[in-house]
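Novice: Following this line is coords_27.tsv, made up of TSV, C-alpha atoms and all ligand atoms:
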chain	number	residue	atom	x	y	z
A	20	MET	CA	-34.13	3.48	-21.83
A	21	HIS	CA	-35.82	3.70	-18.43
A	22	ILE	CA	-33.87	3.58	-15.16
A	23	ARG	CA	-35.45	2.89	-11.77
A	24	ILE	CA	-33.43	4.69	-9.08
A	25	GLY	CA	-33.60	3.33	-5.55
A	26	THR	CA	-33.12	5.94	-2.83
A	27	ARG	CA	-33.76	6.59	0.83
A	28	GLY	CA	-36.56	9.03	1.55
A	29	SER	CA	-34.63	11.75	3.40
A	30	ARG	CA	-34.44	15.18	1.78
A	31	LEU	CA	-30.69	14.80	1.20
A	32	ALA	CA	-31.13	11.34	-0.34
A	33	LEU	CA	-33.89	12.64	-2.61
A	34	TRP	CA	-31.73	15.57	-3.71
A	35	GLN	CA	-29.00	13.09	-4.64
A	36	ALA	CA	-31.42	10.80	-6.49
A	37	ASP	CA	-32.87	13.78	-8.37
A	38	HIS	CA	-29.35	14.88	-9.27
A	39	VAL	CA	-28.57	11.48	-10.79
A	40	LYS	CA	-32.01	11.42	-12.43
A	41	SER	CA	-31.35	14.73	-14.17
A	42	LEU	CA	-27.92	13.55	-15.37
A	43	LEU	CA	-29.57	10.45	-16.84
A	44	GLU	CA	-32.30	12.52	-18.49
A	45	LYS	CA	-29.72	14.84	-20.02
A	46	ALA	CA	-28.20	11.74	-21.61
A	47	GLY	CA	-31.57	10.86	-23.16
A	48	ALA	CA	-32.89	8.28	-20.68
A	49	THR	CA	-36.04	8.41	-18.58
A	50	ALA	CA	-35.83	7.72	-14.87
A	51	GLU	CA	-37.95	7.46	-11.72
A	52	ASN	CA	-37.15	7.47	-8.01
A	53	VAL	CA	-38.24	4.49	-5.90
A	54	ILE	CA	-38.15	5.34	-2.18
A	55	ILE	CA	-36.90	2.63	0.17
A	56	GLU	CA	-36.68	2.87	3.97
A	57	THR	CA	-33.49	1.57	5.61
A	58	LYS	CA	-32.60	0.54	9.16
A	59	GLY	CA	-30.56	3.70	9.53
A	60	ASP	CA	-33.69	5.77	8.87
A	61	LYS	CA	-35.66	3.94	11.55
A	62	ILE	CA	-33.15	3.94	14.42
A	63	LEU	CA	-32.75	7.53	15.48
A	64	ASP	CA	-32.27	7.31	19.23
A	65	ARG	CA	-28.79	5.76	19.27
A	66	SER	CA	-25.45	6.94	18.02
A	67	LEU	CA	-24.29	5.41	14.76
A	68	SER	CA	-21.13	4.04	16.36
A	69	SER	CA	-23.13	2.23	19.07
A	70	ILE	CA	-25.28	0.47	16.47
A	71	GLY	CA	-22.12	-0.44	14.62
A	72	ALA	CA	-23.85	-2.42	11.90
A	73	LYS	CA	-22.28	-2.14	8.49
A	74	GLY	CA	-24.46	-1.07	5.62
A	75	LEU	CA	-27.01	0.54	7.88
A	76	PHE	CA	-28.19	2.85	5.12
A	77	THR	CA	-27.58	0.51	2.21
A	78	GLU	CA	-28.76	-3.03	2.99
A	79	GLU	CA	-32.41	-2.70	1.96
A	80	LEU	CA	-31.42	-0.90	-1.24
A	81	GLU	CA	-28.97	-3.67	-2.12
A	82	GLU	CA	-31.66	-6.29	-1.63
A	83	LYS	CA	-33.81	-4.56	-4.24
A	84	LEU	CA	-30.87	-4.36	-6.66
A	85	ARG	CA	-30.59	-8.13	-6.38
A	86	THR	CA	-34.28	-8.77	-7.00
A	87	GLY	CA	-34.24	-6.32	-9.92
A	88	GLU	CA	-36.94	-4.09	-8.41
A	89	ILE	CA	-34.56	-1.19	-8.98
A	90	ASP	CA	-31.73	-0.76	-11.55
A	91	ILE	CA	-29.45	1.43	-9.48
A	92	ALA	CA	-29.13	2.62	-5.89
A	93	VAL	CA	-27.90	6.12	-5.15
A	94	HIS	CA	-25.96	6.84	-1.95
A	95	SER	CA	-23.73	9.52	-0.47
A	96	ALA	CA	-20.38	8.00	-1.46
A	97	LYS	CA	-19.14	8.27	2.10
A	98	ASP	CA	-21.98	6.09	3.41
A	99	VAL	CA	-21.01	3.17	1.15
A	100	GLN	CA	-19.04	0.37	2.85
A	101	SER	CA	-15.45	-0.09	1.70
A	102	SER	CA	-16.12	-3.54	0.32
A	103	LEU	CA	-19.26	-4.71	-1.43
A	104	ASP	CA	-20.56	-8.23	-1.91
A	105	ASP	CA	-19.32	-9.84	-5.14
A	106	ASP	CA	-22.65	-9.56	-6.93
A	107	LEU	CA	-22.76	-5.76	-6.54
A	108	GLU	CA	-20.59	-2.95	-7.89
A	109	LEU	CA	-20.16	0.81	-7.88
A	110	ILE	CA	-20.40	2.00	-11.46
A	111	ALA	CA	-20.32	5.78	-11.17
A	112	PHE	CA	-19.34	8.68	-8.90
A	113	THR	CA	-20.66	12.20	-9.48
A	114	GLU	CA	-18.29	15.14	-9.62
A	115	ARG	CA	-17.25	15.96	-6.12
A	116	GLU	CA	-18.78	18.90	-4.27
A	117	ARG	CA	-16.53	21.00	-1.99
A	118	VAL	CA	-15.16	18.43	0.44
A	119	ASN	CA	-14.92	20.54	3.59
A	120	ASP	CA	-16.67	20.24	6.92
A	121	VAL	CA	-18.43	23.43	7.97
A	122	LEU	CA	-19.63	24.98	11.21
A	123	LEU	CA	-23.26	26.15	11.32
A	124	SER	CA	-24.76	28.46	13.90
A	125	PHE	CA	-27.49	31.06	14.33
A	126	ASP	CA	-24.75	33.19	15.94
A	127	PRO	CA	-22.20	34.36	13.33
A	128	GLN	CA	-19.56	34.78	16.09
A	129	LYS	CA	-19.41	31.05	16.70
A	130	LYS	CA	-16.16	29.84	15.14
A	131	LEU	CA	-13.94	26.95	16.20
A	132	SER	CA	-11.04	29.33	16.70
A	133	ALA	CA	-13.02	31.58	19.08
A	134	THR	CA	-11.40	31.61	22.52
A	135	GLU	CA	-14.49	31.07	24.62
A	136	SER	CA	-16.06	27.65	24.82
A	137	PHE	CA	-19.39	26.59	23.33
A	138	ILE	CA	-21.24	23.37	22.54
A	139	VAL	CA	-20.80	21.71	19.16
A	140	GLY	CA	-23.30	19.08	18.00
A	141	THR	CA	-22.00	16.30	15.76
A	142	SER	CA	-22.45	12.57	15.34
A	143	SER	CA	-19.28	11.60	13.56
A	144	VAL	CA	-16.43	10.02	15.57
A	145	ARG	CA	-13.97	11.61	13.13
A	146	ARG	CA	-15.28	15.12	13.87
A	147	VAL	CA	-15.42	14.49	17.62
A	148	ALA	CA	-11.80	13.30	17.59
A	149	PHE	CA	-10.62	16.26	15.48
A	150	LEU	CA	-12.47	18.67	17.78
A	151	ARG	CA	-10.75	17.13	20.82
A	152	HIS	CA	-7.38	17.33	19.07
A	153	PHE	CA	-7.48	20.85	17.65
A	154	TYR	CA	-10.06	22.56	19.88
A	155	PRO	CA	-10.00	20.79	23.27
A	156	HIS	CA	-11.72	23.74	24.99
A	157	LEU	CA	-14.96	23.12	23.10
A	158	ASN	CA	-17.76	20.87	24.40
A	159	VAL	CA	-19.20	18.22	22.14
A	160	VAL	CA	-22.67	16.66	22.17
A	161	ASN	CA	-23.65	13.64	20.14
A	162	MET	CA	-26.41	14.43	17.70
A	163	ARG	CA	-28.19	12.30	15.13
A	164	GLY	CA	-30.99	12.83	12.71
A	165	ASN	CA	-31.24	14.72	9.47
A	166	LEU	CA	-30.17	18.32	9.03
A	167	GLN	CA	-33.64	19.72	9.78
A	168	THR	CA	-33.85	17.74	13.04
A	169	ARG	CA	-30.40	18.92	14.09
A	170	LEU	CA	-31.20	22.54	13.32
A	171	LYS	CA	-34.33	22.23	15.46
A	172	LYS	CA	-32.25	20.84	18.33
A	173	MET	CA	-29.83	23.74	17.96
A	174	GLU	CA	-32.80	26.14	18.07
A	175	GLU	CA	-33.94	24.45	21.31
A	176	GLY	CA	-30.50	25.12	22.79
A	177	VAL	CA	-29.09	21.57	22.79
A	178	CYS	CA	-25.97	23.00	21.15
A	179	ASP	CA	-24.62	26.34	19.92
A	180	ALA	CA	-23.24	25.11	16.61
A	181	LEU	CA	-23.31	22.08	14.33
A	182	LEU	CA	-20.38	20.53	12.51
A	183	LEU	CA	-21.43	19.01	9.18
A	184	ALA	CA	-20.31	18.29	5.65
A	185	PHE	CA	-20.57	21.31	3.36
A	186	ALA	CA	-22.07	19.09	0.65
A	187	GLY	CA	-25.18	18.22	2.64
A	188	VAL	CA	-25.64	21.74	3.99
A	189	HIS	CA	-25.34	23.26	0.52
A	190	ARG	CA	-27.68	20.71	-1.09
A	191	MET	CA	-30.32	21.47	1.54
A	192	GLY	CA	-29.89	25.22	1.02
A	193	TYR	CA	-28.54	26.23	4.44
A	194	ASP	CA	-25.40	28.04	3.26
A	195	ASP	CA	-26.57	31.18	5.11
A	196	LEU	CA	-25.97	29.49	8.47
A	197	ILE	CA	-22.33	28.61	7.74
A	198	THR	CA	-20.07	30.54	10.13
A	199	GLU	CA	-16.80	28.83	9.19
A	200	VAL	CA	-15.45	26.57	6.47
A	201	ILE	CA	-12.98	24.22	8.16
A	202	GLY	CA	-9.76	23.68	6.22
A	203	GLU	CA	-9.64	20.26	4.57
A	204	LYS	CA	-6.00	19.88	5.57
A	205	THR	CA	-6.97	20.23	9.25
A	206	PHE	CA	-10.25	18.33	9.37
A	207	ILE	CA	-9.42	15.82	6.62
A	208	PRO	CA	-12.83	14.68	5.31
A	209	ALA	CA	-14.36	11.23	5.44
A	210	VAL	CA	-13.57	8.98	2.49
A	211	GLY	CA	-15.90	9.85	-0.37
A	212	GLN	CA	-17.31	13.00	1.23
A	213	GLY	CA	-19.06	15.22	-1.30
A	214	SER	CA	-19.61	12.70	-4.07
A	215	VAL	CA	-22.70	10.64	-4.89
A	216	ALA	CA	-22.17	6.97	-5.70
A	217	VAL	CA	-24.23	4.80	-8.03
A	218	GLU	CA	-24.41	1.11	-7.20
A	219	CYS	CA	-25.88	-1.68	-9.30
A	220	ALA	CA	-26.03	-5.45	-9.53
A	221	ARG	CA	-23.17	-6.90	-11.58
A	222	ALA	CA	-25.88	-8.70	-13.52
A	223	LEU	CA	-27.45	-5.44	-14.76
A	224	ASP	CA	-27.44	-5.39	-18.57
A	225	SER	CA	-24.36	-3.85	-20.16
A	226	GLY	CA	-26.35	-1.32	-22.20
A	227	ARG	CA	-27.82	0.22	-19.05
A	228	LYS	CA	-24.43	0.17	-17.33
A	229	ALA	CA	-22.72	1.96	-20.20
A	230	LEU	CA	-25.39	4.65	-20.35
A	231	ILE	CA	-25.33	5.22	-16.58
A	232	ARG	CA	-21.54	5.48	-16.52
A	233	SER	CA	-21.29	7.90	-19.39
A	234	ALA	CA	-24.11	10.06	-18.02
A	235	VAL	CA	-23.10	10.16	-14.35
A	236	ASN	CA	-19.45	9.25	-13.80
A	237	HIS	CA	-16.80	11.96	-13.27
A	238	PRO	CA	-13.46	10.26	-14.04
A	239	ASP	CA	-11.18	12.33	-11.77
A	240	THR	CA	-13.58	11.91	-8.85
A	241	GLU	CA	-13.74	8.19	-9.52
A	242	THR	CA	-9.93	7.94	-9.54
A	243	GLY	CA	-9.68	9.85	-6.27
A	244	LEU	CA	-12.33	7.73	-4.61
A	245	LEU	CA	-10.67	4.55	-5.82
A	246	ALA	CA	-7.57	5.53	-3.86
A	247	GLU	CA	-9.50	6.65	-0.78
A	248	ARG	CA	-11.66	3.54	-0.74
A	249	ALA	CA	-8.65	1.23	-1.12
A	250	PHE	CA	-7.12	3.00	1.88
A	251	LEU	CA	-10.34	2.64	3.89
A	252	LYS	CA	-10.69	-1.02	3.02
A	253	LYS	CA	-7.15	-1.84	4.06
A	254	VAL	CA	-7.39	-0.07	7.40
A	255	GLN	CA	-10.89	-1.56	7.77
A	256	GLY	CA	-12.50	1.66	8.81
A	257	GLY	CA	-16.24	2.08	8.58
A	258	CYS	CA	-18.23	5.20	9.42
A	259	SER	CA	-17.86	4.32	13.10
A	260	VAL	CA	-14.05	4.52	13.02
A	261	PRO	CA	-12.12	7.82	12.84
A	262	VAL	CA	-10.33	7.14	9.56
A	263	PHE	CA	-10.13	9.80	6.88
A	264	ALA	CA	-8.56	10.44	3.48
A	265	LEU	CA	-8.68	13.00	0.74
A	266	SER	CA	-7.24	12.75	-2.74
A	267	GLU	CA	-6.52	15.45	-5.26
A	268	VAL	CA	-6.34	14.51	-8.90
A	269	SER	CA	-4.86	16.85	-11.46
A	270	GLY	CA	-3.22	16.23	-14.81
A	271	GLY	CA	-3.02	12.50	-14.23
A	272	ILE	CA	-1.27	12.87	-10.87
A	273	LEU	CA	-2.94	11.77	-7.67
A	274	THR	CA	-2.05	12.98	-4.19
A	275	LEU	CA	-3.63	11.04	-1.35
A	276	ARG	CA	-3.52	12.32	2.20
A	277	GLY	CA	-5.11	10.40	5.04
A	278	GLY	CA	-4.81	8.82	8.42
A	279	VAL	CA	-6.29	7.69	11.69
A	280	ILE	CA	-7.02	9.56	14.92
A	281	SER	CA	-7.66	8.15	18.40
A	282	LEU	CA	-11.16	8.79	19.78
A	283	ASP	CA	-9.78	11.11	22.46
A	284	GLY	CA	-7.97	13.12	19.80
A	285	ARG	CA	-4.54	12.62	21.39
A	286	GLN	CA	-2.90	10.60	18.64
A	287	LEU	CA	-3.28	11.90	15.12
A	288	LEU	CA	-1.45	10.03	12.38
A	289	THR	CA	-1.43	11.26	8.80
A	290	ASP	CA	0.72	10.69	5.76
A	291	THR	CA	0.69	11.40	2.03
A	292	ARG	CA	1.33	9.40	-1.13
A	293	THR	CA	1.70	10.77	-4.64
A	294	GLY	CA	1.73	8.91	-7.93
A	295	VAL	CA	0.06	8.49	-11.29
A	296	SER	CA	-3.73	8.18	-11.43
A	297	GLY	CA	-3.50	4.69	-12.87
A	298	ASP	CA	-2.01	3.50	-9.57
A	299	ALA	CA	-4.90	4.86	-7.48
A	300	SER	CA	-5.68	1.71	-5.53
A	301	SER	CA	-2.01	0.86	-4.95
A	302	LEU	CA	-1.48	4.36	-3.54
A	303	GLY	CA	-4.43	3.77	-1.20
A	304	ASN	CA	-2.99	0.43	-0.09
A	305	GLU	CA	0.48	1.93	0.42
A	306	LEU	CA	-0.87	4.78	2.51
A	307	ALA	CA	-2.77	2.26	4.64
A	308	ASP	CA	0.40	0.22	5.23
A	309	VAL	CA	2.34	3.32	6.27
A	310	VAL	CA	-0.38	4.62	8.60
A	311	LEU	CA	-0.97	1.19	10.18
A	312	ALA	CA	2.77	0.64	10.67
A	313	LYS	CA	3.40	3.95	12.38
A	314	GLY	CA	0.79	3.38	15.09
A	315	GLY	CA	-2.56	3.28	13.33
A	316	ARG	CA	-2.94	-0.42	14.02
A	317	GLU	CA	-2.72	0.17	17.81
A	318	ILE	CA	-5.24	3.02	17.63
A	319	LEU	CA	-7.75	0.90	15.72
A	320	ASP	CA	-7.22	-2.15	17.96
A	321	GLU	CA	-7.81	0.03	21.00
A	322	ILE	CA	-11.07	1.32	19.51
A	323	LYS	CA	-12.23	-2.23	18.75
A	324	ARG	CA	-11.37	-3.34	22.30
A	325	THR	CA	-13.35	-0.58	23.96
A	326	ARG	CA	-16.36	-1.27	21.71
A	327	THR	CA	-16.65	-4.95	22.58
A	328	ILE	CA	-16.55	-4.46	26.35
A	401	LIG	N1	-23.11	10.43	7.40
A	401	LIG	C1	-24.23	11.26	7.04
A	401	LIG	C2	-23.96	11.99	5.77
A	401	LIG	N2	-23.74	11.34	4.62
A	401	LIG	C3	-23.50	12.26	3.64
A	401	LIG	C4	-23.58	13.52	4.21
A	401	LIG	C5	-23.38	14.80	3.52
A	401	LIG	C6	-23.11	14.73	2.04
A	401	LIG	C7	-21.74	14.22	1.68
A	401	LIG	O1	-20.80	14.29	2.46
A	401	LIG	O2	-21.61	13.78	0.53
A	401	LIG	C8	-23.89	13.36	5.55
A	401	LIG	C9	-24.11	14.42	6.55
A	401	LIG	C10	-22.87	14.99	7.16
A	401	LIG	O3	-21.86	14.28	7.32
A	401	LIG	O4	-22.87	16.16	7.53
Spell out the structure here as structure tokens.

Specialist:
Amino acid sequence: MHIRIGTRGSRLALWQADHVKSLLEKAGATAENVIIETKGDKILDRSLSSIGAKGLFTEELEEKLRTGEIDIAVHSAKDVQSSLDDDLELIAFTERERVNDVLLSFDPQKKLSATESFIVGTSSVRRVAFLRHFYPHLNVVNMRGNLQTRLKKMEEGVCDALLLAFAGVHRMGYDDLITEVIGEKTFIPAVGQGSVAVECARALDSGRKALIRSAVNHPDTETGLLAERAFLKKVQGGCSVPVFALSEVSGGILTLRGGVISLDGRQLLTDTRTGVSGDASSLGNELADVVLAKGGREILDEIKRTRTI
């Protein structure tokens, strides 16, 4: 069986596609990468939250799933919208990498807990809000582009440190520049962080689907992401909204921790739900209800209001 894998052309995207390709090959299939450029790759001069479009990194790939030019599309799980169109589905999630955010710097002394101030480059509203909440003495600059571009900007002095997902840093081989691993209970990661998602058209033949699932899917990761994604969908957070959740799955028990933070970092709401793995999406929905009821709704409404002005 031959599988055509649609992927963006960035180094991180290609690493992820190659990872899925090797899992498929181990299961006896052949596979090839088909590189597709997305809007998110073309627009580099604006912050992601100001563009605001959903599916910025996925739309063109989804089009080619529909036409059958590719069999599957591979994405960072955290870049996949919380709800897909009816004719598409997520059929596999790779085993999750360490979920933490990390600080990178050429200066090993640069740590978030250091008393003197420095400039942190990041593009994610979640990280900006957490920085303002836990480390208000630090300065933050908005920074887009791939890891290599950001490192170049840091070299030019635009910032002293970068705040990124460990998964991407590790996959690109920059572990040496990590000065601090941020605790995942403090900076709760974005939904899906660290896993790679495989998307296909519902109409894809069942033989291909079965092979892809058995070769690529990691059941505990899938269960965890089911809960996180249900939470995200219910609070209607995209990558431009500071919503976060992390599940732990062990021995059939799932613990889901997540919440919402205001953009200025002042209001941080988190809660936890625990239950059996089989109830993953209900646990996600329940957590969303709790977080929305205790003030999350106001925080999100406020963010929406300021965006439309
Ligand atoms: N939004 C960009 C993005 N999408 C996936 C990763 C890293 C890999 C991952 O989290 O799985 C990154 C970079 C980052 O947040 O530092």

Novice: Write out, as a tab-separated table, each residue of chain A that has an atom at most 8 Å from ligand LIG 401 (chain A), together with the closest pair of atoms and their distance in Å to one decimal, counting all atoms listed in the file, rows going by chain and rising number.

Specialist:
residue	atom	partner	partner_atom	distance
A:Leu31	CA	A:LIG401	C6	7.6
A:Ser95	CA	A:LIG401	O2	4.9
A:Ala96	CA	A:LIG401	O2	6.2
A:Lys97	CA	A:LIG401	N2	6.1
A:Asp98	CA	A:LIG401	N2	5.7
A:Glu116	CA	A:LIG401	O2	7.6
A:Val118	CA	A:LIG401	O1	7.3
A:Asp120	CA	A:LIG401	O4	7.4
A:Ser143	CA	A:LIG401	O3	7.3
A:Asn165	CA	A:LIG401	C9	7.7
A:Leu166	CA	A:LIG401	C9	7.6
A:Leu182	CA	A:LIG401	O4	7.1
A:Leu183	CA	A:LIG401	O4	3.6
A:Ala184	CA	A:LIG401	O4	3.8
A:Phe185	CA	A:LIG401	O4	7.0
A:Ala186	CA	A:LIG401	C6	4.7
A:Gly187	CA	A:LIG401	C5	4.0
A:Val188	CA	A:LIG401	O4	7.2
A:Ala209	CA	A:LIG401	O1	7.7
A:Gly211	CA	A:LIG401	O2	7.0
A:Gln212	CA	A:LIG401	O1	3.9
A:Gly213	CA	A:LIG401	O2	3.5
A:Ser214	CA	A:LIG401	O2	5.1
A:Val215	CA	A:LIG401	O2	6.4
A:Cys258	CA	A:LIG401	N1	7.4

Novice: Between A:Met20, A:Ala111, A:Leu196, A:Ile62, which one has atoms that come closest to Asp126 (chain A), using all atoms listed in the file?

Specialist: A:Leu196

Novice: Sort by chain and increasing residue number a table of all residues of region 152-267 of chain A within 12 Å of region 22-27 of chain A, each with its closest pair of atoms and their distance in Å to one decimal, counting all atoms listed in the file, and write it as a tab-separated table.

Specialist:
residue	atom	partner	partner_atom	distance
A:Val215	CA	A:Thr26	CA	11.6
A:Ala216	CA	A:Thr26	CA	11.4
A:Val217	CA	A:Ile24	CA	9.3
A:Glu218	CA	A:Gly25	CA	9.6
A:Cys219	CA	A:Ile24	CA	9.9
A:Leu223	CA	A:Ile22	CA	11.1
A:Asp224	CA	A:Ile22	CA	11.6
A:Gly226	CA	A:Ile22	CA	11.4
A:Arg227	CA	A:Ile22	CA	7.9
A:Lys228	CA	A:Ile22	CA	10.3
A:Leu230	CA	A:Ile22	CA	10.0
A:Ile231	CA	A:Ile22	CA	8.8

Novice: Could you name the residues that touch Asp320 (chain A) at 12 Å or less, counting only C-alpha atoms, but leaving out those on the same chain fewer than 5 positions away, as a list in words?

Specialist: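 Near Asp320 (chain A), the qualifying residues are Val254, Gln255, Gly256, Val260, Val279, Ser281, Leu282, Leu311, Gly314, Gly315, Thr325, Arg326 and Thr327 of chain A.
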
Novice: Can I get the residues of region 279-321 of chain A within 9 Å of region 262-268 of chain A, each with the closest pair of atoms and their distance in Å to one decimal, using all atoms listed in the file, sorted chain first then ascending number, as a tab-separated table?

Specialist:
residue	atom	partner	partner_atom	distance
A:Val279	CA	A:Val262	CA	4.6
A:Ile280	CA	A:Val262	CA	6.7
A:Thr289	CA	A:Ala264	CA	8.9
A:Ser296	CA	A:Val268	CA	7.3

Novice: Can you sort out region 108-136 of chain A so it carries N, CA and C atoms, written as a PDB file, in the frame of the given file?

Specialist:
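out.pdb was written with the following content:
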ATOM      1  N   GLU A 108     -21.733  -3.803  -7.555  1.00  0.00           N
ATOM      2  CA  GLU A 108     -20.590  -2.950  -7.890  1.00  0.00           C
ATOM      3  C   GLU A 108     -20.973  -1.468  -7.904  1.00  0.00           C
ATOM      4  N   LEU A 109     -19.947  -0.629  -7.757  1.00  0.00           N
ATOM      5  CA  LEU A 109     -20.160   0.810  -7.880  1.00  0.00           C
ATOM      6  C   LEU A 109     -19.793   1.168  -9.311  1.00  0.00           C
ATOM      7  N   ILE A 110     -20.742   1.743 -10.058  1.00  0.00           N
ATOM      8  CA  ILE A 110     -20.400   2.000 -11.460  1.00  0.00           C
ATOM      9  C   ILE A 110     -20.197   3.476 -11.787  1.00  0.00           C
ATOM     10  N   ALA A 111     -20.540   4.367 -10.857  1.00  0.00           N
ATOM     11  CA  ALA A 111     -20.320   5.780 -11.170  1.00  0.00           C
ATOM     12  C   ALA A 111     -20.244   6.615  -9.897  1.00  0.00           C
ATOM     13  N   PHE A 112     -19.446   7.687  -9.982  1.00  0.00           N
ATOM     14  CA  PHE A 112     -19.340   8.680  -8.900  1.00  0.00           C
ATOM     15  C   PHE A 112     -19.545  10.064  -9.515  1.00  0.00           C
ATOM     16  N   THR A 113     -20.437  10.852  -8.932  1.00  0.00           N
ATOM     17  CA  THR A 113     -20.660  12.200  -9.480  1.00  0.00           C
ATOM     18  C   THR A 113     -19.496  13.111  -9.125  1.00  0.00           C
ATOM     19  N   GLU A 114     -19.356  14.171  -9.892  1.00  0.00           N
ATOM     20  CA  GLU A 114     -18.290  15.140  -9.620  1.00  0.00           C
ATOM     21  C   GLU A 114     -18.400  15.631  -8.186  1.00  0.00           C
ATOM     22  N   ARG A 115     -17.261  15.650  -7.536  1.00  0.00           N
ATOM     23  CA  ARG A 115     -17.250  15.960  -6.120  1.00  0.00           C
ATOM     24  C   ARG A 115     -17.602  17.409  -5.831  1.00  0.00           C
ATOM     25  N   GLU A 116     -18.428  17.590  -4.823  1.00  0.00           N
ATOM     26  CA  GLU A 116     -18.780  18.900  -4.270  1.00  0.00           C
ATOM     27  C   GLU A 116     -17.599  19.336  -3.386  1.00  0.00           C
ATOM     28  N   ARG A 117     -17.560  20.591  -2.960  1.00  0.00           N
ATOM     29  CA  ARG A 117     -16.530  21.000  -1.990  1.00  0.00           C
ATOM     30  C   ARG A 117     -16.489  20.000  -0.844  1.00  0.00           C
ATOM     31  N   VAL A 118     -15.299  19.559  -0.486  1.00  0.00           N
ATOM     32  CA  VAL A 118     -15.160  18.430   0.440  1.00  0.00           C
ATOM     33  C   VAL A 118     -15.202  18.815   1.921  1.00  0.00           C
ATOM     34  N   ASN A 119     -15.148  20.109   2.208  1.00  0.00           N
ATOM     35  CA  ASN A 119     -14.920  20.540   3.590  1.00  0.00           C
ATOM     36  C   ASN A 119     -16.051  20.238   4.559  1.00  0.00           C
ATOM     37  N   ASP A 120     -15.695  20.172   5.837  1.00  0.00           N
ATOM     38  CA  ASP A 120     -16.670  20.240   6.920  1.00  0.00           C
ATOM     39  C   ASP A 120     -16.913  21.716   7.177  1.00  0.00           C
ATOM     40  N   VAL A 121     -18.112  22.030   7.667  1.00  0.00           N
ATOM     41  CA  VAL A 121     -18.430  23.430   7.970  1.00  0.00           C
ATOM     42  C   VAL A 121     -19.099  23.527   9.337  1.00  0.00           C
ATOM     43  N   LEU A 122     -18.961  24.703   9.946  1.00  0.00           N
ATOM     44  CA  LEU A 122     -19.630  24.980  11.210  1.00  0.00           C
ATOM     45  C   LEU A 122     -20.872  25.813  10.913  1.00  0.00           C
ATOM     46  N   LEU A 123     -21.995  25.427  11.509  1.00  0.00           N
ATOM     47  CA  LEU A 123     -23.260  26.150  11.320  1.00  0.00           C
ATOM     48  C   LEU A 123     -23.725  26.688  12.657  1.00  0.00           C
ATOM     49  N   SER A 124     -24.203  27.932  12.650  1.00  0.00           N
ATOM     50  CA  SER A 124     -24.760  28.460  13.900  1.00  0.00           C
ATOM     51  C   SER A 124     -25.702  29.611  13.579  1.00  0.00           C
ATOM     52  N   PHE A 125     -26.634  29.883  14.498  1.00  0.00           N
ATOM     53  CA  PHE A 125     -27.490  31.060  14.330  1.00  0.00           C
ATOM     54  C   PHE A 125     -26.712  32.309  14.750  1.00  0.00           C
ATOM     55  N   ASP A 126     -25.592  32.087  15.477  1.00  0.00           N
ATOM     56  CA  ASP A 126     -24.750  33.190  15.940  1.00  0.00           C
ATOM     57  C   ASP A 126     -23.475  33.254  15.090  1.00  0.00           C
ATOM     58  N   PRO A 127     -23.349  34.283  14.251  1.00  0.00           N
ATOM     59  CA  PRO A 127     -22.200  34.360  13.330  1.00  0.00           C
ATOM     60  C   PRO A 127     -20.841  34.409  14.028  1.00  0.00           C
ATOM     61  N   GLN A 128     -20.839  34.715  15.346  1.00  0.00           N
ATOM     62  CA  GLN A 128     -19.560  34.780  16.090  1.00  0.00           C
ATOM     63  C   GLN A 128     -19.017  33.394  16.428  1.00  0.00           C
ATOM     64  N   LYS A 129     -19.849  32.390  16.311  1.00  0.00           N
ATOM     65  CA  LYS A 129     -19.410  31.050  16.700  1.00  0.00           C
ATOM     66  C   LYS A 129     -18.469  30.481  15.630  1.00  0.00           C
ATOM     67  N   LYS A 130     -17.185  30.417  16.011  1.00  0.00           N
ATOM     68  CA  LYS A 130     -16.160  29.840  15.140  1.00  0.00           C
ATOM     69  C   LYS A 130     -15.290  28.954  16.011  1.00  0.00           C
ATOM     70  N   LEU A 131     -14.740  27.887  15.411  1.00  0.00           N
ATOM     71  CA  LEU A 131     -13.940  26.950  16.200  1.00  0.00           C
ATOM     72  C   LEU A 131     -12.770  27.646  16.868  1.00  0.00           C
ATOM     73  N   SER A 132     -12.233  28.663  16.180  1.00  0.00           N
ATOM     74  CA  SER A 132     -11.040  29.330  16.700  1.00  0.00           C
ATOM     75  C   SER A 132     -11.367  30.357  17.786  1.00  0.00           C
ATOM     76  N   ALA A 133     -12.659  30.615  18.039  1.00  0.00           N
ATOM     77  CA  ALA A 133     -13.020  31.580  19.080  1.00  0.00           C
ATOM     78  C   ALA A 133     -12.477  31.103  20.421  1.00  0.00           C
ATOM     79  N   THR A 134     -12.054  32.043  21.282  1.00  0.00           N
ATOM     80  CA  THR A 134     -11.400  31.610  22.520  1.00  0.00           C
ATOM     81  C   THR A 134     -12.379  31.047  23.538  1.00  0.00           C
ATOM     82  N   GLU A 135     -13.601  31.615  23.598  1.00  0.00           N
ATOM     83  CA  GLU A 135     -14.490  31.070  24.620  1.00  0.00           C
ATOM     84  C   GLU A 135     -15.170  29.788  24.138  1.00  0.00           C
ATOM     85  N   SER A 136     -15.515  28.970  25.116  1.00  0.00           N
ATOM     86  CA  SER A 136     -16.060  27.650  24.820  1.00  0.00           C
ATOM     87  C   SER A 136     -17.534  27.711  24.414  1.00  0.00           C
TER      88      SER A 136
END
